[in-house]
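Q: Take this structure, written in structure tokens, and hold onto it; I'll ask about it next.
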Amino acid sequence: MQDLSIKPYQILDFEQSTEEWLSWRRGGIGASDAPVVMGLSPWQKAGELLLLKTGQQAERPANSYMQRGKDLEPLAREAFIRHTGIEVEPVCVQSMDHTWMRASLDGLSPDGRQVVEIKCPGEKDHQFAASGCVPEKYFPQLQHILAVTGLAEIHYWSFRFDHTVLLKVERDESFIADLIEKEIDFWTRVCATADGLAAFTAL
């Protein structure tokens, strides 16, 4: 963990879900990519992510569950603020050490010391959180955020209109070390593939 008097990241001045944001997101590994790289995503394989990052495959349109999460996120964030008294707002951050390590944060406090990941999940994932555990498929995402921000813990806010769950997830240095190693390997493959495609196109 780094000394937060000198932030280990920079904040990018653009809004999430814009074309500029999508381009920036494609140019690095984001928090939602981390479960894919770690082989824990139920939705996407590393090979599919490689095709996306190298421009060989288009972004998949948001399904109904993803759209629901996007629509509910502002309400969930306001509920988190009311519940905790911690003011947060969505921001995009990028690691200073590895500029390809990026995260679109659901909420970061003005002093940079509190971060929240918001989920508006189905009943199964919500009940898992209610039992005190973060679903395994989300753990790499949380640790990626902690790796980029340098923070010691992250709030995990599982939001449903009739019930909310707040968990604090601590930084796992061993997991982060493994995550960064795998992300470096993956991003090296992305760059090598992109260079190969560029060379082939130039022929």
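In the structure tokens, chains take letters A, B, ... by order of appearance, with residues numbered from 1 within each chain and ligands from 1 in the order shown.
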Restrict the calculation to only C-alpha atoms, then for each residue of stretch 51-133 of chain A with any atom at most 12 Å from an atom of stretch 173-184 of chain A give the closest atom pair and their distance in Å to one decimal, rows by chain and rising residue number, as a tab-separated table.
A:
```
residue	atom	partner	partner_atom	distance
A:Ser95	CA	A:Ile180	CA	11.7
A:Asp97	CA	A:Ile180	CA	11.2
A:His98	CA	A:Ile184	CA	8.9
A:Thr99	CA	A:Ile184	CA	11.2
A:Trp100	CA	A:Ile184	CA	9.2
A:Met101	CA	A:Glu183	CA	8.5
A:Arg102	CA	A:Glu183	CA	11.4
```
Q: Can those selected residues be exported to a file as a PDB file, in the first residue's frame so that it contains C-alpha atoms?
A:
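Final output, result_10.pdb:
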```
ATOM      1  CA  SER A  95      -2.441   4.028 -12.227  1.00  0.00           C
ATOM      2  CA  ASP A  97       2.943   2.940 -12.210  1.00  0.00           C
ATOM      3  CA  HIS A  98       1.066   0.977 -14.877  1.00  0.00           C
ATOM      4  CA  THR A  99      -0.863   3.450 -17.018  1.00  0.00           C
ATOM      5  CA  TRP A 100      -2.858   0.621 -18.593  1.00  0.00           C
ATOM      6  CA  MET A 101      -4.337  -0.207 -15.156  1.00  0.00           C
ATOM      7  CA  ARG A 102      -7.587   1.725 -14.968  1.00  0.00           C
TER       8      ARG A 102
END
```
Q: Give the alpha helix (DSSP H) residues of chain A, as assigned by DSSP on the backbone, as an MDAnalysis selection string.
A: chainID A and resid 19:26 34:37 46:53 64:84 123:130 139:149 173:202
Q: Write out as an mmCIF file with N, CA and C atoms, in the first residue's frame which residues come within 9 Å of stretch 60-70 of chain A when counting only C-alpha atoms, dropping same-chain ones fewer than 4 positions away.
A:
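Contents of around.cif, freshly written:
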```
data_model
loop_
_atom_site.group_PDB
_atom_site.id
_atom_site.type_symbol
_atom_site.label_atom_id
_atom_site.label_comp_id
_atom_site.auth_asym_id
_atom_site.auth_seq_id
_atom_site.Cartn_x
_atom_site.Cartn_y
_atom_site.Cartn_z
ATOM 1 N N PRO A 74 -27.166 5.521 -9.721
ATOM 2 C CA PRO A 74 -27.272 6.805 -9.014
ATOM 3 C C PRO A 74 -28.115 6.718 -7.745
ATOM 4 N N ILE A 118 -20.455 -0.392 -6.223
ATOM 5 C CA ILE A 118 -21.904 -0.583 -6.100
ATOM 6 C C ILE A 118 -22.358 -1.731 -6.981
ATOM 7 N N LYS A 119 -23.156 -2.611 -6.403
ATOM 8 C CA LYS A 119 -23.806 -3.665 -7.163
ATOM 9 C C LYS A 119 -25.310 -3.599 -6.906
ATOM 10 N N CYS A 120 -26.073 -3.806 -7.964
ATOM 11 C CA CYS A 120 -27.524 -3.905 -7.852
ATOM 12 C C CYS A 120 -27.891 -5.305 -8.351
ATOM 13 N N PRO A 121 -27.583 -6.319 -7.561
ATOM 14 C CA PRO A 121 -27.541 -7.699 -8.055
ATOM 15 C C PRO A 121 -28.882 -8.414 -7.993
ATOM 16 N N GLY A 122 -28.867 -9.631 -8.523
ATOM 17 C CA GLY A 122 -29.990 -10.525 -8.360
ATOM 18 C C GLY A 122 -30.029 -11.069 -6.943
#
```
Q: Just how far from atom CA of A:Ala58 is atom CA of A:Ala194, in Å to one decimal?
A: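 Answer for the atom CA of A:Ala194 to atom CA of A:Ala58 separation: 15.0 Å.
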Q: What parts of stretch 73-199 of chain A does DSSP call strand (DSSP E)? I'd like the answer as a PyMOL selection string.
A: chain A and resi 89-95+102-108+115-119+153-160+163-170
